[in-house]
Amino acid sequence: EKDGSKPISLWHDVTLVHIDPTTNSPTPYLNFVNEIPKFSRKKFEIATDEVGNPIKQDTKKGELREFKKGDIFFNYGCLPRTWEDPTFVHPDTMGCRGDNDPLDVCEIGLKIVQPGEIRPVKILGILCMIDDGEADWKLVTIDAMDKWAPFLNDIEDVEKHLPGQLDAIREWFRTYKIPDGKPPNVFGLEERFMNKAYAMEIIKECNHAWTELITGKKERSADFNNADDGVKKLVRKLSKSNLCDMAMEEAPTDISSPAVVEDDEGALAF
């Protein structure tokens, strides 16, 4: 808005930490980029391997994709400036590597958020889903402006104030591919939703991975060199498209302008 019309990447140019537009200072919230509005079924997602990373409806064998299970009942999108590294295996993911995408977000507020809309959210917890042999973390969040937000500060608050919500989210992800002829998804960590503190560690881990991807450090790392050829091809394609996009700009070495997120453990420098 300050410089007029300018295309941006919703993956790379949106800060992870939400910045107050009036004070230009960091807030305790993170930015959520919505891809699929609640009560809809068209499978929109950020095109991570295309220059500019537009949000597009996914295709398979030339056909536009929808959830055959039916409408999703929460807003679904991702955190900008995060990446689930396919060369990395987290100790809690049953030996499965990252899925090569930004961190997924389930936003459980009342508002229907449109594709491409950016909202400040409170991080509540996280679920470890295993999808086709890949780790696919699902963050649980709520819009910071939602009327339920003051009551929800950690994952146990969701079960307390919105009983059944977490079970419904897990079952949706367990069964949504069955109409496509695929088996149910499975979950790590004994299918538990982990708390905010655990979720923030996963977010920091994936933000660091994003930094390595976008600066080219990942392709020079030992993890990359030890990966199989299929994983190397995925990373090279992703890295090339995004480095081309940022060729005229200085590649970022940090998550955003200096920012701090406050939680119960104190200040987290991002």
# chains A, B, ... in the order shown; residues from 1 in each chain; ligands from 1
call {"tool": "residues_around", "arguments": {"residues": "Asn195 in chain A", "least_positions_apart": "6", "cutoff": "7 Å", "atoms": "only C-alpha atoms", "output": "list in words"}}
result
Leu124, Gly125, Ile126, Asp154 and Ile155 of chain A
call {"tool": "closest_atom_pairs", "arguments": {"of": "range 105-152 of chain A", "to": "range 67-80 of chain A", "cutoff": "9 Å", "atoms": "only C-alpha atoms", "output": "JSON lines"}}
result
{"residue": "A:Val105", "atom": "CA", "partner": "A:Cys78", "partner_atom": "CA", "distance": 4.9}
{"residue": "A:Cys106", "atom": "CA", "partner": "A:Tyr76", "partner_atom": "CA", "distance": 4.9}
{"residue": "A:Glu107", "atom": "CA", "partner": "A:Asn75", "partner_atom": "CA", "distance": 5.0}
{"residue": "A:Ile108", "atom": "CA", "partner": "A:Phe74", "partner_atom": "CA", "distance": 5.3}
{"residue": "A:Gly109", "atom": "CA", "partner": "A:Phe74", "partner_atom": "CA", "distance": 7.6}
{"residue": "A:Leu110", "atom": "CA", "partner": "A:Phe74", "partner_atom": "CA", "distance": 8.6}
{"residue": "A:Lys111", "atom": "CA", "partner": "A:Asn75", "partner_atom": "CA", "distance": 8.5}
{"residue": "A:Ile112", "atom": "CA", "partner": "A:Asn75", "partner_atom": "CA", "distance": 6.8}
{"residue": "A:Val113", "atom": "CA", "partner": "A:Asn75", "partner_atom": "CA", "distance": 6.4}
{"residue": "A:Gln114", "atom": "CA", "partner": "A:Asn75", "partner_atom": "CA", "distance": 8.5}
{"residue": "A:Pro115", "atom": "CA", "partner": "A:Gly77", "partner_atom": "CA", "distance": 8.5}
{"residue": "A:Gly116", "atom": "CA", "partner": "A:Gly77", "partner_atom": "CA", "distance": 8.9}
{"residue": "A:Leu139", "atom": "CA", "partner": "A:Cys78", "partner_atom": "CA", "distance": 8.7}
call {"tool": "write_last_selection", "arguments": {"atoms": "C-alpha atoms", "output": "PDB file, in the first residue's frame"}}
result
ATOM      1  CA  VAL A 105      -3.143 -24.395  10.039  1.00  0.00           C
ATOM      2  CA  CYS A 106      -6.662 -25.209  11.229  1.00  0.00           C
ATOM      3  CA  GLU A 107      -8.288 -21.955  12.370  1.00  0.00           C
ATOM      4  CA  ILE A 108     -11.360 -22.721  14.517  1.00  0.00           C
ATOM      5  CA  GLY A 109     -12.929 -19.278  14.864  1.00  0.00           C
ATOM      6  CA  LEU A 110     -16.449 -18.294  13.850  1.00  0.00           C
ATOM      7  CA  LYS A 111     -15.584 -16.150  10.810  1.00  0.00           C
ATOM      8  CA  ILE A 112     -15.439 -17.588   7.291  1.00  0.00           C
ATOM      9  CA  VAL A 113     -12.011 -16.469   6.047  1.00  0.00           C
ATOM     10  CA  GLN A 114     -11.555 -16.079   2.287  1.00  0.00           C
ATOM     11  CA  PRO A 115      -8.655 -17.503   0.215  1.00  0.00           C
ATOM     12  CA  GLY A 116      -5.607 -15.256   0.456  1.00  0.00           C
ATOM     13  CA  LEU A 139      -1.598 -26.489  13.920  1.00  0.00           C
TER      14      LEU A 139
END
call {"tool": "atom_distance", "arguments": {"atom1": "CA of Ala135 in chain A", "atom2": "CA of Glu205 in chain A"}}
result
13.6 Å
call {"tool": "atom_distance", "arguments": {"atom1": "CA of Thr48 in chain A", "atom2": "CA of Tyr29 in chain A"}}
result
23.8 Å
call {"tool": "atom_distance", "arguments": {"atom1": "CA of Thr15 in chain A", "atom2": "CA of Asp223 in chain A"}}
result
26.5 Å
call {"tool": "closest_residue", "arguments": {"among": "A:Gly181, A:Gly95, A:Pro54, A:Pro120", "to": "Ala149 in chain A", "atoms": "only C-alpha atoms"}}
result
A:Pro120
call {"tool": "select_by_dssp", "arguments": {"residues": "range 32-254 of chain A", "states": "strand (DSSP E or B)", "output": "ChimeraX atom specification"}}
result
/A:32-36,40,42,44-46,55-57,59-60,63-64,66,72,75-78,89,97-98,104-107,118-131,134-143,186-187,193-194
call {"tool": "closest_residue", "arguments": {"among": "A:Glu50, A:Asp58, A:Asp85, A:Asp20", "to": "Leu103 in chain A", "atoms": "only C-alpha atoms"}}
result
A:Asp85
call {"tool": "select_by_dssp", "arguments": {"residues": "range 110-251 of chain A", "states": "alpha helix (DSSP H)", "output": "PyMOL selection string"}}
result
chain A and resi 155-161+165-175+196-215+222-226+229-245
call {"tool": "closest_residue", "arguments": {"among": "A:Gly52, A:Phe187, A:Val235, A:Phe44", "to": "Arg65 in chain A", "atoms": "only C-alpha atoms"}}
result
A:Phe44
call {"tool": "closest_residue", "arguments": {"among": "A:His18, A:Arg41, A:Lys233, A:Lys177", "to": "Ile118 in chain A", "atoms": "only C-alpha atoms"}}
result
A:His18
call {"tool": "closest_residue", "arguments": {"among": "A:Cys206, A:Ile130, A:Pro28, A:Ala227", "to": "Met94 in chain A", "atoms": "only C-alpha atoms"}}
result
A:Ile130
call {"tool": "residues_around", "arguments": {"residues": "Asn207 in chain A", "least_positions_apart": "6", "cutoff": "10 Å", "atoms": "only C-alpha atoms", "output": "ChimeraX atom specification"}}
result
/A:16,79-85,102-103,201,213,254-255,270
call {"tool": "decode", "arguments": {"residues": "range 159-193 of chain A", "atoms": "N, CA, C and O atoms", "output": "short mmCIF file (atom, residue, chain, number, x, y, z; two decimals), in the first residue's frame"}}
result
data_model
loop_
_atom_site.label_atom_id
_atom_site.label_comp_id
_atom_site.auth_asym_id
_atom_site.auth_seq_id
_atom_site.Cartn_x
_atom_site.Cartn_y
_atom_site.Cartn_z
N GLU A 159 -10.63 -28.14 24.51
CA GLU A 159 -11.47 -29.25 24.97
C GLU A 159 -12.42 -28.79 26.08
O GLU A 159 -13.57 -29.26 26.17
N LYS A 160 -11.95 -27.87 26.91
CA LYS A 160 -12.78 -27.38 28.02
C LYS A 160 -13.98 -26.58 27.52
O LYS A 160 -15.12 -26.79 27.96
N HIS A 161 -13.74 -25.64 26.61
CA HIS A 161 -14.78 -24.71 26.18
C HIS A 161 -15.51 -25.16 24.91
O HIS A 161 -16.66 -24.78 24.69
N LEU A 162 -14.83 -25.96 24.09
CA LEU A 162 -15.42 -26.44 22.84
C LEU A 162 -15.28 -27.96 22.78
O LEU A 162 -14.59 -28.50 21.90
N PRO A 163 -15.90 -28.69 23.69
CA PRO A 163 -15.72 -30.14 23.75
C PRO A 163 -16.11 -30.84 22.45
O PRO A 163 -17.14 -30.50 21.85
N GLY A 164 -15.26 -31.75 22.01
CA GLY A 164 -15.51 -32.48 20.77
C GLY A 164 -14.85 -31.88 19.55
O GLY A 164 -14.72 -32.56 18.52
N GLN A 165 -14.42 -30.63 19.64
CA GLN A 165 -13.82 -29.96 18.48
C GLN A 165 -12.54 -30.66 18.02
O GLN A 165 -12.35 -30.92 16.82
N LEU A 166 -11.66 -30.99 18.95
CA LEU A 166 -10.40 -31.61 18.59
C LEU A 166 -10.60 -33.01 18.02
O LEU A 166 -9.96 -33.39 17.03
N ASP A 167 -11.48 -33.79 18.63
CA ASP A 167 -11.77 -35.13 18.11
C ASP A 167 -12.31 -35.04 16.68
O ASP A 167 -11.97 -35.86 15.82
N ALA A 168 -13.15 -34.04 16.43
CA ALA A 168 -13.73 -33.88 15.09
C ALA A 168 -12.67 -33.52 14.07
O ALA A 168 -12.69 -34.01 12.93
N ILE A 169 -11.72 -32.67 14.46
CA ILE A 169 -10.62 -32.31 13.55
C ILE A 169 -9.79 -33.54 13.21
O ILE A 169 -9.47 -33.81 12.05
N ARG A 170 -9.43 -34.32 14.25
CA ARG A 170 -8.63 -35.53 14.01
C ARG A 170 -9.36 -36.50 13.09
O ARG A 170 -8.76 -37.06 12.16
N GLU A 171 -10.64 -36.72 13.33
CA GLU A 171 -11.40 -37.68 12.52
C GLU A 171 -11.57 -37.18 11.09
O GLU A 171 -11.60 -37.98 10.15
N TRP A 172 -11.68 -35.86 10.92
CA TRP A 172 -11.78 -35.34 9.55
C TRP A 172 -10.52 -35.68 8.77
O TRP A 172 -10.59 -36.18 7.64
N PHE A 173 -9.36 -35.42 9.39
CA PHE A 173 -8.10 -35.72 8.71
C PHE A 173 -7.85 -37.22 8.59
O PHE A 173 -7.22 -37.67 7.63
N ARG A 174 -8.36 -38.01 9.52
CA ARG A 174 -8.19 -39.45 9.42
C ARG A 174 -8.91 -40.02 8.20
O ARG A 174 -8.39 -40.91 7.52
N THR A 175 -10.08 -39.49 7.90
CA THR A 175 -10.96 -40.14 6.92
C THR A 175 -11.13 -39.41 5.59
O THR A 175 -11.76 -39.95 4.68
N TYR A 176 -10.56 -38.20 5.44
CA TYR A 176 -10.93 -37.40 4.26
C TYR A 176 -10.44 -37.99 2.93
O TYR A 176 -10.98 -37.65 1.87
N LYS A 177 -9.48 -38.88 2.98
CA LYS A 177 -9.00 -39.48 1.72
C LYS A 177 -9.66 -40.81 1.40
O LYS A 177 -9.44 -41.36 0.31
N ILE A 178 -10.46 -41.32 2.31
CA ILE A 178 -11.12 -42.60 2.07
C ILE A 178 -12.01 -42.56 0.83
O ILE A 178 -12.01 -43.53 0.03
N PRO A 179 -12.78 -41.48 0.57
CA PRO A 179 -13.59 -41.45 -0.66
C PRO A 179 -12.76 -41.49 -1.94
O PRO A 179 -13.29 -41.78 -3.01
N ASP A 180 -11.45 -41.20 -1.85
CA ASP A 180 -10.55 -41.30 -3.01
C ASP A 180 -9.97 -42.70 -3.15
O ASP A 180 -9.13 -42.94 -4.01
N GLY A 181 -10.41 -43.63 -2.30
CA GLY A 181 -9.91 -44.99 -2.36
C GLY A 181 -8.63 -45.22 -1.60
O GLY A 181 -7.99 -46.28 -1.76
N LYS A 182 -8.24 -44.28 -0.74
CA LYS A 182 -7.02 -44.41 0.03
C LYS A 182 -7.34 -44.85 1.46
O LYS A 182 -8.46 -44.65 1.94
N PRO A 183 -6.36 -45.42 2.15
CA PRO A 183 -6.60 -45.85 3.53
C PRO A 183 -6.67 -44.65 4.47
O PRO A 183 -6.25 -43.54 4.10
N PRO A 184 -7.18 -44.84 5.68
CA PRO A 184 -7.21 -43.74 6.64
C PRO A 184 -5.80 -43.26 6.97
O PRO A 184 -4.84 -44.03 6.96
N ASN A 185 -5.68 -41.95 7.25
CA ASN A 185 -4.40 -41.42 7.71
C ASN A 185 -4.16 -41.87 9.15
O ASN A 185 -5.09 -42.20 9.88
N VAL A 186 -2.89 -41.84 9.54
CA VAL A 186 -2.53 -42.20 10.91
C VAL A 186 -1.84 -41.00 11.56
O VAL A 186 -1.50 -40.02 10.89
N PHE A 187 -1.61 -41.09 12.88
CA PHE A 187 -1.08 -39.97 13.64
C PHE A 187 0.01 -40.43 14.59
O PHE A 187 -0.04 -41.54 15.12
N GLY A 188 0.99 -39.56 14.78
CA GLY A 188 2.03 -39.82 15.75
C GLY A 188 1.63 -39.37 17.14
O GLY A 188 0.52 -38.86 17.36
N LEU A 189 2.53 -39.55 18.09
CA LEU A 189 2.35 -39.08 19.46
C LEU A 189 1.06 -39.62 20.09
O LEU A 189 0.36 -38.90 20.80
N GLU A 190 0.74 -40.86 19.77
CA GLU A 190 -0.45 -41.54 20.30
C GLU A 190 -1.73 -40.76 19.98
O GLU A 190 -2.68 -40.76 20.75
N GLU A 191 -1.71 -40.08 18.85
CA GLU A 191 -2.86 -39.32 18.34
C GLU A 191 -3.22 -38.12 19.21
O GLU A 191 -4.29 -37.53 19.08
N ARG A 192 -2.30 -37.71 20.09
CA ARG A 192 -2.58 -36.59 20.98
C ARG A 192 -2.36 -35.26 20.28
O ARG A 192 -1.46 -35.10 19.46
N PHE A 193 -3.19 -34.27 20.62
CA PHE A 193 -2.91 -32.88 20.27
C PHE A 193 -1.92 -32.35 21.31
O PHE A 193 -2.19 -32.39 22.51
#
